[in-house]
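Novice: Got a structure for you, coords-v2.pdb, holding PDB, C-alpha atoms.
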```pdb
ATOM      1  CA  MET A   1     135.253 122.426  96.089
ATOM      2  CA  HIS A   2     136.073 119.539  93.776
ATOM      3  CA  GLY A   3     135.908 115.890  94.690
ATOM      4  CA  GLU A   4     137.966 113.127  93.169
ATOM      5  CA  PRO A   5     137.755 112.341  89.450
ATOM      6  CA  ALA A   6     134.944 109.891  88.680
ATOM      7  CA  PRO A   7     136.304 106.634  87.213
ATOM      8  CA  ASP A   8     135.392 106.574  83.523
ATOM      9  CA  PHE A   9     133.442 103.694  82.021
ATOM     10  CA  ALA A  10     131.534 102.643  78.926
ATOM     11  CA  LEU A  11     128.653 100.218  79.396
ATOM     12  CA  THR A  12     125.775  98.823  77.352
ATOM     13  CA  THR A  13     122.274 100.121  78.063
ATOM     14  CA  ALA A  14     118.962  98.242  77.926
ATOM     15  CA  ASP A  15     118.547  99.172  74.270
ATOM     16  CA  GLY A  16     122.011  97.998  73.293
ATOM     17  CA  GLN A  17     123.691 101.416  73.079
ATOM     18  CA  ARG A  18     127.108 102.080  74.581
ATOM     19  CA  THR A  19     127.068 104.932  77.089
ATOM     20  CA  ALA A  20     130.405 106.356  78.203
ATOM     21  CA  LEU A  21     130.732 108.686  81.158
ATOM     22  CA  HIS A  22     133.150 110.976  79.284
ATOM     23  CA  ASP A  23     130.536 111.527  76.561
ATOM     24  CA  LEU A  24     128.342 113.230  79.164
ATOM     25  CA  ARG A  25     130.882 115.932  80.089
ATOM     26  CA  GLY A  26     129.234 119.292  80.450
ATOM     27  CA  SER A  27     126.203 117.937  82.329
ATOM     28  CA  PRO A  28     125.930 116.739  85.887
ATOM     29  CA  VAL A  29     125.499 112.970  86.021
ATOM     30  CA  ILE A  30     123.583 111.066  88.680
ATOM     31  CA  LEU A  31     124.906 107.536  88.936
ATOM     32  CA  ALA A  32     122.508 105.284  90.837
ATOM     33  CA  PHE A  33     123.886 101.820  91.642
ATOM     34  CA  TYR A  34     121.207  99.409  92.830
ATOM     35  CA  PRO A  35     121.394  95.730  93.762
ATOM     36  CA  ALA A  36     119.111  94.199  91.149
ATOM     37  CA  ASP A  37     116.235  94.689  88.741
ATOM     38  CA  TRP A  38     112.797  93.482  89.891
ATOM     39  CA  SER A  39     112.804  94.380  93.551
ATOM     40  CA  PRO A  40     109.341  93.369  94.715
ATOM     41  CA  VAL A  41     107.936  96.691  95.899
ATOM     42  CA  CYS A  42     105.882  99.477  94.388
ATOM     43  CA  GLY A  43     107.722 102.681  94.059
ATOM     44  CA  ASP A  44     111.066 100.946  94.064
ATOM     45  CA  GLN A  45     114.048 103.207  93.669
ATOM     46  CA  MET A  46     114.107 103.282  89.856
ATOM     47  CA  SER A  47     110.331 103.853  89.573
ATOM     48  CA  LEU A  48     110.653 106.696  92.052
ATOM     49  CA  TYR A  49     113.461 108.328  90.086
ATOM     50  CA  ASN A  50     111.389 107.912  86.944
ATOM     51  CA  GLU A  51     108.759 110.169  88.524
ATOM     52  CA  VAL A  52     111.366 112.717  89.665
ATOM     53  CA  LEU A  53     113.103 112.815  86.271
ATOM     54  CA  PRO A  54     111.622 116.207  85.261
ATOM     55  CA  GLU A  55     113.198 117.746  88.384
ATOM     56  CA  PHE A  56     116.608 116.248  87.604
ATOM     57  CA  GLU A  57     116.283 117.576  84.071
ATOM     58  CA  ARG A  58     115.689 121.093  85.411
ATOM     59  CA  TYR A  59     119.301 120.921  86.617
ATOM     60  CA  GLY A  60     120.400 119.651  83.208
ATOM     61  CA  ALA A  61     121.400 116.428  84.984
ATOM     62  CA  ARG A  62     121.532 112.997  83.349
ATOM     63  CA  LEU A  63     120.429 110.012  85.388
ATOM     64  CA  LEU A  64     122.023 106.584  84.845
ATOM     65  CA  GLY A  65     120.788 103.494  86.693
ATOM     66  CA  ILE A  66     123.413 100.768  87.006
ATOM     67  CA  SER A  67     123.365  97.192  88.245
ATOM     68  CA  VAL A  68     125.072  93.899  87.460
ATOM     69  CA  ASP A  69     121.998  92.650  85.553
ATOM     70  CA  GLY A  70     122.495  91.989  81.849
ATOM     71  CA  MET A  71     121.075  93.948  78.947
ATOM     72  CA  TRP A  72     118.037  91.692  78.373
ATOM     73  CA  CYS A  73     117.040  91.751  82.000
ATOM     74  CA  HIS A  74     117.389  95.534  82.005
ATOM     75  CA  ARG A  75     115.277  95.744  78.861
ATOM     76  CA  ALA A  76     112.405  93.740  80.364
ATOM     77  CA  PHE A  77     112.580  95.667  83.641
ATOM     78  CA  SER A  78     112.794  99.022  81.932
ATOM     79  CA  GLU A  79     109.788  98.249  79.694
ATOM     80  CA  ASN A  80     107.758  96.915  82.598
ATOM     81  CA  ARG A  81     108.373  99.994  84.755
ATOM     82  CA  LYS A  82     108.205 102.380  81.747
ATOM     83  CA  LEU A  83     111.542 103.922  82.690
ATOM     84  CA  HIS A  84     112.555 107.028  80.755
ATOM     85  CA  PHE A  85     116.256 106.935  81.583
ATOM     86  CA  PRO A  86     118.985 104.422  80.716
ATOM     87  CA  LEU A  87     119.898 101.373  82.778
ATOM     88  CA  LEU A  88     123.517 100.315  82.366
ATOM     89  CA  ALA A  89     124.598  96.674  82.516
ATOM     90  CA  ASP A  90     127.710  96.289  84.684
ATOM     91  CA  PHE A  91     127.690  92.699  83.514
ATOM     92  CA  GLU A  92     130.983  91.784  81.828
ATOM     93  CA  PRO A  93     133.358  91.759  83.553
ATOM     94  CA  LYS A  94     130.741  91.525  86.245
ATOM     95  CA  GLY A  95     130.635  94.466  88.633
ATOM     96  CA  ASP A  96     133.814  95.997  87.192
ATOM     97  CA  VAL A  97     132.487  99.550  87.335
ATOM     98  CA  ALA A  98     130.960  99.032  90.790
ATOM     99  CA  ARG A  99     134.370  97.846  92.026
ATOM    100  CA  ARG A 100     136.027 100.957  90.674
ATOM    101  CA  TYR A 101     133.491 103.068  92.562
ATOM    102  CA  GLY A 102     134.041 100.953  95.681
ATOM    103  CA  VAL A 103     130.454  99.690  95.889
ATOM    104  CA  TYR A 104     130.637  96.035  94.780
ATOM    105  CA  ARG A 105     129.309  93.498  97.295
ATOM    106  CA  GLU A 106     131.671  90.510  97.062
ATOM    107  CA  HIS A 107     129.604  88.282  99.333
ATOM    108  CA  ASP A 108     126.411  88.383  97.276
ATOM    109  CA  GLY A 109     127.643  89.434  93.853
ATOM    110  CA  THR A 110     125.524  92.578  93.622
ATOM    111  CA  THR A 111     126.216  96.241  94.302
ATOM    112  CA  GLU A 112     125.451  98.548  97.142
ATOM    113  CA  ARG A 113     122.557 100.964  96.847
ATOM    114  CA  ALA A 114     124.898 103.857  96.155
ATOM    115  CA  LEU A 115     124.403 107.296  94.674
ATOM    116  CA  PHE A 116     127.015 109.524  93.066
ATOM    117  CA  VAL A 117     126.556 113.035  91.729
ATOM    118  CA  ILE A 118     129.285 113.849  89.219
ATOM    119  CA  ASP A 119     129.760 117.403  87.982
ATOM    120  CA  GLY A 120     130.095 118.468  84.348
ATOM    121  CA  ASP A 121     133.893 118.245  84.620
ATOM    122  CA  GLY A 122     133.772 114.612  85.708
ATOM    123  CA  PHE A 123     134.417 115.040  89.439
ATOM    124  CA  ILE A 124     132.486 113.216  92.143
ATOM    125  CA  ARG A 125     130.797 115.932  94.194
ATOM    126  CA  TRP A 126     128.521 113.842  96.400
ATOM    127  CA  ARG A 127     128.135 110.219  97.313
ATOM    128  CA  TYR A 128     125.793 108.278  99.527
ATOM    129  CA  VAL A 129     125.680 104.585 100.322
ATOM    130  CA  SER A 130     122.315 103.530 101.674
ATOM    131  CA  PRO A 131     121.645 100.408 103.719
ATOM    132  CA  VAL A 132     120.946  97.917 100.940
ATOM    133  CA  ASP A 133     117.343  97.349 101.998
ATOM    134  CA  VAL A 134     116.515 101.051 102.291
ATOM    135  CA  ASN A 135     115.554 103.002  99.216
ATOM    136  CA  PRO A 136     117.491 106.267  99.663
ATOM    137  CA  GLY A 137     114.837 108.386  97.957
ATOM    138  CA  ALA A 138     115.762 111.446  95.912
ATOM    139  CA  ASP A 139     116.123 114.239  98.476
ATOM    140  CA  GLY A 140     119.893 113.846  98.806
ATOM    141  CA  ILE A 141     120.369 113.974  95.042
ATOM    142  CA  LEU A 142     118.351 117.193  94.744
ATOM    143  CA  GLU A 143     120.327 118.777  97.597
ATOM    144  CA  ALA A 144     123.586 117.799  95.881
ATOM    145  CA  LEU A 145     122.402 119.286  92.570
ATOM    146  CA  ASP A 146     121.428 122.479  94.424
ATOM    147  CA  ALA A 147     124.896 122.651  95.982
ATOM    148  CA  LEU A 148     126.455 122.121  92.550
ATOM    149  CA  ASN A 149     124.425 125.017  91.150
ATOM    150  CA  ALA A 150     125.338 127.239  94.094
ATOM    151  CA  GLY A 151     129.017 126.444  93.519
ATOM    152  CA  VAL A 152     128.808 127.264  89.832
ATOM    153  CA  SER A 153     127.124 130.605  90.361
ATOM    154  CA  LYS A 154     129.775 131.805  92.860
TER     155      LYS A 154
ATOM    156  CA  MET B   1     132.323 115.947  99.770
ATOM    157  CA  SER B   2     129.504 115.112 102.070
ATOM    158  CA  LYS B   3     128.522 111.714 103.237
ATOM    159  CA  HIS B   4     124.836 112.033 103.706
ATOM    160  CA  ALA B   5     123.240 110.415 106.724
ATOM    161  CA  HIS B   6     120.197 111.719 108.455
ATOM    162  CA  VAL B   7     116.769 110.782 109.688
ATOM    163  CA  ALA B   8     114.366 111.850 106.976
ATOM    164  CA  GLN B   9     112.053 114.616 108.146
ATOM    165  CA  LEU B  10     108.940 116.203 106.804
ATOM    166  CA  THR B  11     110.122 119.397 105.080
ATOM    167  CA  VAL B  12     106.705 120.939 104.472
ATOM    168  CA  ALA B  13     104.759 121.368 107.715
ATOM    169  CA  VAL B  14     101.105 120.411 107.922
ATOM    170  CA  SER B  15      98.975 123.462 107.146
ATOM    171  CA  ASP B  16      95.561 124.629 105.998
ATOM    172  CA  ARG B  17      96.202 123.350 102.497
ATOM    173  CA  ASP B  18      96.338 119.774 103.788
ATOM    174  CA  HIS B  19      93.542 117.265 104.135
ATOM    175  CA  THR B  20      93.448 116.438 107.827
ATOM    176  CA  ILE B  21      91.177 114.466 110.077
ATOM    177  CA  GLY B  22      91.379 114.644 113.868
ATOM    178  CA  PRO B  23      92.071 117.599 116.151
ATOM    179  CA  ALA B  24      94.717 120.147 115.124
ATOM    180  CA  ASP B  25      96.109 120.058 118.680
ATOM    181  CA  ALA B  26      96.349 116.267 118.868
ATOM    182  CA  PRO B  27      99.657 115.184 120.436
ATOM    183  CA  VAL B  28     100.523 113.105 117.391
ATOM    184  CA  THR B  29     100.194 113.847 113.693
ATOM    185  CA  LEU B  30     100.483 110.961 111.269
ATOM    186  CA  VAL B  31     101.165 111.988 107.668
ATOM    187  CA  GLU B  32     100.812 109.472 104.857
ATOM    188  CA  TYR B  33     102.162 109.964 101.352
ATOM    189  CA  GLY B  34     100.078 107.588  99.301
ATOM    190  CA  ASP B  35      98.958 106.478  95.859
ATOM    191  CA  TYR B  36      95.344 105.359  95.369
ATOM    192  CA  GLU B  37      96.301 102.567  92.982
ATOM    193  CA  CYS B  38      99.213 101.200  95.011
ATOM    194  CA  PRO B  39      98.298  97.818  96.539
ATOM    195  CA  TYR B  40     100.544  98.452  99.561
ATOM    196  CA  CYS B  41      98.636 101.673 100.272
ATOM    197  CA  GLY B  42      95.453  99.646  99.843
ATOM    198  CA  ARG B  43      96.658  97.275 102.553
ATOM    199  CA  ALA B  44      97.641 100.208 104.769
ATOM    200  CA  PHE B  45      94.168 101.777 104.479
ATOM    201  CA  PRO B  46      92.305  99.571 107.000
ATOM    202  CA  ILE B  47      95.351  99.670 109.279
ATOM    203  CA  VAL B  48      95.296 103.461 109.403
ATOM    204  CA  GLN B  49      91.537 103.354 110.004
ATOM    205  CA  GLU B  50      91.986 100.989 112.930
ATOM    206  CA  VAL B  51      94.825 103.056 114.389
ATOM    207  CA  ARG B  52      92.643 106.163 114.109
ATOM    208  CA  ARG B  53      89.726 104.349 115.740
ATOM    209  CA  ARG B  54      91.879 103.212 118.660
ATOM    210  CA  LEU B  55      93.551 106.555 119.273
ATOM    211  CA  GLY B  56      90.570 108.826 118.687
ATOM    212  CA  ASP B  57      91.342 112.460 119.491
ATOM    213  CA  ARG B  58      94.953 111.668 120.330
ATOM    214  CA  LEU B  59      95.726 111.455 116.611
ATOM    215  CA  ARG B  60      95.495 113.782 113.646
ATOM    216  CA  PHE B  61      95.833 112.049 110.267
ATOM    217  CA  VAL B  62      96.981 113.807 107.105
ATOM    218  CA  PHE B  63      96.988 112.398 103.581
ATOM    219  CA  ARG B  64      99.210 113.784 100.823
ATOM    220  CA  ASN B  65      99.274 112.637  97.220
ATOM    221  CA  PHE B  66     102.187 110.647  95.916
ATOM    222  CA  PRO B  67     100.951 109.040  92.686
ATOM    223  CA  LEU B  68     103.467 106.859  90.855
ATOM    224  CA  THR B  69     102.023 107.730  87.486
ATOM    225  CA  GLN B  70     104.334 105.648  85.311
ATOM    226  CA  ILE B  71     103.532 102.329  86.984
ATOM    227  CA  HIS B  72      99.926 103.083  87.995
ATOM    228  CA  GLU B  73      97.981 104.420  85.065
ATOM    229  CA  HIS B  74      94.942 105.535  87.082
ATOM    230  CA  ALA B  75      96.771 106.950  90.098
ATOM    231  CA  GLU B  76      96.943 110.526  88.847
ATOM    232  CA  HIS B  77      93.253 110.783  87.944
ATOM    233  CA  ALA B  78      92.261 109.059  91.174
ATOM    234  CA  ALA B  79      94.221 111.699  93.114
ATOM    235  CA  GLU B  80      92.599 114.451  91.022
ATOM    236  CA  VAL B  81      89.125 113.094  91.762
ATOM    237  CA  ALA B  82      89.900 113.087  95.493
ATOM    238  CA  GLU B  83      90.946 116.738  95.195
ATOM    239  CA  ALA B  84      87.820 117.513  93.188
ATOM    240  CA  ALA B  85      85.776 115.907  95.951
ATOM    241  CA  ALA B  86      87.645 118.049  98.498
ATOM    242  CA  THR B  87      86.483 121.166  96.662
ATOM    243  CA  GLN B  88      82.948 119.885  97.175
ATOM    244  CA  GLY B  89      83.625 119.141 100.846
ATOM    245  CA  LYS B  90      83.985 115.377 100.481
ATOM    246  CA  PHE B  91      87.688 114.595 100.465
ATOM    247  CA  TRP B  92      87.579 111.859 103.120
ATOM    248  CA  PRO B  93      84.512 110.047 101.746
ATOM    249  CA  MET B  94      86.208 109.971  98.326
ATOM    250  CA  HIS B  95      89.561 108.960  99.832
ATOM    251  CA  ASP B  96      87.864 106.003 101.517
ATOM    252  CA  TRP B  97      85.838 105.150  98.407
ATOM    253  CA  LEU B  98      89.002 105.025  96.282
ATOM    254  CA  TYR B  99      90.743 102.603  98.615
ATOM    255  CA  ARG B 100      87.673 100.389  98.693
ATOM    256  CA  HIS B 101      87.495 100.317  94.888
ATOM    257  CA  GLN B 102      91.157  99.905  94.014
ATOM    258  CA  ILE B 103      90.567  97.164  91.466
ATOM    259  CA  ALA B 104      88.681  99.479  89.078
ATOM    260  CA  LEU B 105      89.854 103.061  88.939
ATOM    261  CA  ASP B 106      89.435 104.005  85.300
ATOM    262  CA  ASP B 107      87.782 107.348  84.538
ATOM    263  CA  ASN B 108      84.286 105.835  84.235
ATOM    264  CA  ALA B 109      84.623 104.146  87.601
ATOM    265  CA  LEU B 110      85.949 107.348  89.171
ATOM    266  CA  LEU B 111      82.968 109.322  87.905
ATOM    267  CA  GLU B 112      80.598 106.611  89.127
ATOM    268  CA  GLY B 113      82.196 107.024  92.528
ATOM    269  CA  ALA B 114      81.641 110.762  92.326
ATOM    270  CA  GLY B 115      77.988 109.994  91.562
ATOM    271  CA  GLU B 116      77.671 107.602  94.495
ATOM    272  CA  LEU B 117      78.975 110.319  96.796
ATOM    273  CA  GLU B 118      76.437 112.743  95.281
ATOM    274  CA  LEU B 119      79.049 115.116  93.959
ATOM    275  CA  ASP B 120      78.455 117.424  91.014
ATOM    276  CA  VAL B 121      79.713 114.829  88.535
ATOM    277  CA  GLU B 122      79.852 117.178  85.551
ATOM    278  CA  ARG B 123      82.068 119.512  87.483
ATOM    279  CA  VAL B 124      84.370 116.633  88.484
ATOM    280  CA  ARG B 125      84.526 115.510  84.842
ATOM    281  CA  ARG B 126      85.395 119.021  83.676
ATOM    282  CA  GLU B 127      88.065 119.457  86.352
ATOM    283  CA  LEU B 128      89.563 116.104  85.391
ATOM    284  CA  THR B 129      89.700 117.142  81.726
ATOM    285  CA  ASP B 130      91.185 120.521  82.615
ATOM    286  CA  GLY B 131      93.737 119.052  85.018
ATOM    287  CA  THR B 132      92.550 121.558  87.619
ATOM    288  CA  TYR B 133      94.342 119.799  90.487
ATOM    289  CA  ARG B 134      97.428 118.554  88.671
ATOM    290  CA  ALA B 135      99.721 121.298  90.021
ATOM    291  CA  ARG B 136      98.541 120.772  93.578
ATOM    292  CA  ILE B 137      99.198 117.036  93.346
ATOM    293  CA  ARG B 138     102.685 117.672  91.965
ATOM    294  CA  GLU B 139     103.292 120.032  94.909
ATOM    295  CA  ASP B 140     102.355 117.230  97.292
ATOM    296  CA  PHE B 141     104.592 114.858  95.349
ATOM    297  CA  MET B 142     107.608 117.184  95.437
ATOM    298  CA  SER B 143     107.127 117.933  99.135
ATOM    299  CA  GLY B 144     107.320 114.165  99.582
ATOM    300  CA  ILE B 145     110.439 113.826  97.458
ATOM    301  CA  LYS B 146     112.168 116.591  99.429
ATOM    302  CA  SER B 147     111.151 114.895 102.677
ATOM    303  CA  GLY B 148     112.693 111.589 101.628
ATOM    304  CA  VAL B 149     109.578 109.670 100.583
ATOM    305  CA  ASN B 150     111.025 106.462  99.199
ATOM    306  CA  GLY B 151     108.027 104.424  98.150
ATOM    307  CA  THR B 152     104.337 104.195  98.849
ATOM    308  CA  PRO B 153     103.019 104.384 101.429
ATOM    309  CA  THR B 154     105.526 106.467 103.424
ATOM    310  CA  PHE B 155     104.473 107.636 106.879
ATOM    311  CA  TYR B 156     105.750 110.476 109.082
ATOM    312  CA  ILE B 157     105.011 110.521 112.796
ATOM    313  CA  ASN B 158     105.323 114.018 114.222
ATOM    314  CA  GLY B 159     107.459 114.935 111.240
ATOM    315  CA  VAL B 160     109.885 112.003 111.340
ATOM    316  CA  ARG B 161     109.829 109.287 108.675
ATOM    317  CA  HIS B 162     108.587 105.968 110.007
ATOM    318  CA  ASP B 163     110.944 103.396 108.488
ATOM    319  CA  ALA B 164     109.654 100.348 110.364
ATOM    320  CA  ASP B 165     106.724  98.168 109.302
ATOM    321  CA  TYR B 166     103.238  99.599 109.265
ATOM    322  CA  ASP B 167     101.244  96.753 110.743
ATOM    323  CA  ILE B 168      98.840  97.890 113.469
ATOM    324  CA  ALA B 169     101.047  96.950 116.441
ATOM    325  CA  THR B 170     104.209  98.563 115.073
ATOM    326  CA  LEU B 171     102.467 101.723 113.956
ATOM    327  CA  LEU B 172     100.595 102.059 117.261
ATOM    328  CA  ALA B 173     103.791 101.537 119.270
ATOM    329  CA  ALA B 174     105.636 104.169 117.226
ATOM    330  CA  ILE B 175     102.779 106.646 117.641
ATOM    331  CA  GLU B 176     102.547 106.040 121.382
ATOM    332  CA  GLN B 177     106.273 106.579 121.694
ATOM    333  CA  ALA B 178     105.945 109.897 119.868
ATOM    334  CA  GLU B 179     103.057 110.823 122.161
ATOM    335  CA  LEU B 180     105.199 110.118 125.203
ATOM    336  CA  ALA B 181     108.055 112.206 123.794
ATOM    337  CA  ASP B 182     105.574 115.010 123.143
ATOM    338  CA  SER B 183     104.249 114.921 126.711
ATOM    339  CA  ARG B 184     107.794 115.268 128.101
ATOM    340  CA  ARG B 185     108.553 118.396 126.119
TER     341      ARG B 185
END
```
For the file at hand, write its structure as structure tokens.

Specialist:
Amino acid sequence: MHGEPAPDFALTTADGQRTALHDLRGSPVILAFYPADWSPVCGDQMSLYNEVLPEFERYGARLLGISVDGMWCHRAFSENRKLHFPLLADFEPKGDVARRYGVYREHDGTTERALFVIDGDGFIRWRYVSPVDVNPGADGILEALDALNAGVSK
Amino acid sequence: MSKHAHVAQLTVAVSDRDHTIGPADAPVTLVEYGDYECPYCGRAFPIVQEVRRRLGDRLRFVFRNFPLTQIHEHAEHAAEVAEAAATQGKFWPMHDWLYRHQIALDDNALLEGAGELELDVERVRRELTDGTYRARIREDFMSGIKSGVNGTPTFYINGVRHDADYDIATLLAAIEQAELADSRR
């Protein structure tokens, strides 16, 4: 089963690189929209995913964090939390990519806490929008990657 | 395409491999996924103790490791020392010691703690160097991930993730509700 094509984008990461979705064809991509850097809890969503990264890599999957924060904010956050995956700045035009994925929050200018698993051909195979104050964890992502693998091996 | 909405549940049942305190047939089992260096877990520690004190034999408490190693540099070794203490029959004393000494958890402090609890310190040191308990801790961690642990501490009451606050009143109320549900089964 294929989902809809994932809207393409090219955004700047915390270290100033451009990352384009189409450059990642061939690998599953986990796109994790989150409202803002610096949420004031331990084990926030990005720190949690940082710990799970080796599991995602076992599926050959690439994880991209994405919020409307700018590159410098992302850089400070990423260094502080020692993140080993890129954070993309959906900063100019603000929230443009989030809008195209249908997860921009007009009333507060941030994005939903939304997860997308995109297959190696660029199709959205799983999505989940969490209540904005609830960290969705990583179990759904791992289940989606399992399902992707099961589909491929059929 | 699935839209994913469910109540997070414990995917790995409590078993002999777990560190448990309280009767195995207690009506309620409280599982905590925790990190010894996490300040929120530190705040939860006396709360869990008080809840245990109030409920006595009505509660079984289980602790599983969920160290956030990238933000807490001592969390992994602290978890390993607790496991090393378990091998020497002193998991809970070490667990409690760690939460009472959260401000200093470097390797020297951990080994001092092992000394205070009269463990075989050389053995603990060797097991720390060898990473004897690393795989077990990762197993705990992954069982948490697959059960929807989304930060530390995360609690499960009779296998269901407790998403509300974990102050004494809220936790007690949730546990008593689970106890009532259990008695009606």

Novice: For atom CA of A:Gly16 and atom CA of A:Val132, determine how far apart the two atoms are, in Å to one decimal place.

Specialist: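 So the two atoms, atom CA of A:Gly16 and atom CA of A:Val132, lie 27.7 Å apart.
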
Novice: Let me know the residues the ChimeraX specification (/B :<12) & /A catches in the file above, as a ChimeraX atom specification.

Specialist: /A:1-4,40-56,77-84,114-118,123-131,133-144,147-148

Novice: Which residues, named as in the file, does the PyMOL selection byres ((chain B and resi 22-31) around 6) pick out? Answer as number ranges by chain.

Specialist: B: 21, 32, 58-63, 155-158, 179

Novice: How many Å separate atom CA of A:Gly95 from atom CA of A:Ala6?

Specialist: 16.0 Å

Novice: Would you compute, for all listed atoms of stretch 122-137 of chain A, the axis-aligned bounding box grown by 4 Å on each side, and then report its centre and edge lengths in Å rounded to one decimal, as lines of an AutoDock Vina configuration file?

Specialist:
```
center_x = 124.6
center_y = 106.6
center_z = 94.7
size_x = 27.6
size_y = 26.6
size_z = 26.0
```

Novice: Rounded to one decimal in Å, what is the spacing between atom CA of A:Met71 and atom CA of A:Ala36?

Specialist: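 Separating atom CA of A:Met71 from atom CA of A:Ala36 is a distance of 12.4 Å.
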
Novice: Written as a PyMOL selection string, which residues does the PyMOL selection byres ((chain A and resi 104) around 10) give for the file shown?

Specialist: chain A and resi 33+35+67-68+94-103+105-114

Novice: Could you write stretch 44-61 of chain B as a short mmCIF file (atom, residue, chain, number, x, y, z; two decimals), keeping the file's coordinate frame, with N, CA and C atoms rebuilt where they are missing?

Specialist:
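Saved to out-v4.cif:
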```cif
data_model
loop_
_atom_site.label_atom_id
_atom_site.label_comp_id
_atom_site.auth_asym_id
_atom_site.auth_seq_id
_atom_site.Cartn_x
_atom_site.Cartn_y
_atom_site.Cartn_z
N ALA B 44 97.44 99.31 103.63
CA ALA B 44 97.64 100.21 104.77
C ALA B 44 96.33 100.89 105.17
N PHE B 45 95.39 101.01 104.23
CA PHE B 45 94.17 101.78 104.48
C PHE B 45 93.39 101.29 105.71
N PRO B 46 93.04 100.00 105.80
CA PRO B 46 92.30 99.57 107.00
C PRO B 46 93.15 99.66 108.27
N ILE B 47 94.46 99.56 108.11
CA ILE B 47 95.35 99.67 109.28
C ILE B 47 95.28 101.08 109.86
N VAL B 48 95.37 102.07 108.95
CA VAL B 48 95.30 103.46 109.40
C VAL B 48 93.93 103.73 110.04
N GLN B 49 92.88 103.15 109.44
CA GLN B 49 91.54 103.35 110.00
C GLN B 49 91.45 102.81 111.42
N GLU B 50 92.03 101.61 111.61
CA GLU B 50 91.99 100.99 112.93
C GLU B 50 92.82 101.79 113.94
N VAL B 51 93.97 102.25 113.50
CA VAL B 51 94.82 103.06 114.39
C VAL B 51 94.09 104.34 114.78
N ARG B 52 93.42 104.94 113.82
CA ARG B 52 92.64 106.16 114.11
C ARG B 52 91.52 105.86 115.09
N ARG B 53 90.83 104.72 114.87
CA ARG B 53 89.73 104.35 115.74
C ARG B 53 90.22 104.16 117.18
N ARG B 54 91.38 103.49 117.32
CA ARG B 54 91.88 103.21 118.66
C ARG B 54 92.37 104.46 119.37
N LEU B 55 92.94 105.40 118.62
CA LEU B 55 93.55 106.56 119.27
C LEU B 55 92.60 107.74 119.39
N GLY B 56 91.56 107.75 118.59
CA GLY B 56 90.57 108.83 118.69
C GLY B 56 91.21 110.20 118.57
N ASP B 57 90.89 111.06 119.54
CA ASP B 57 91.34 112.46 119.49
C ASP B 57 92.83 112.64 119.79
N ARG B 58 93.51 111.55 120.08
CA ARG B 58 94.95 111.67 120.33
C ARG B 58 95.72 111.72 119.02
N LEU B 59 95.02 111.52 117.90
CA LEU B 59 95.73 111.46 116.61
C LEU B 59 95.08 112.37 115.58
N ARG B 60 95.94 113.08 114.85
CA ARG B 60 95.50 113.78 113.65
C ARG B 60 96.14 113.06 112.46
N PHE B 61 95.32 112.75 111.45
CA PHE B 61 95.83 112.05 110.27
C PHE B 61 95.78 112.99 109.07
#
```
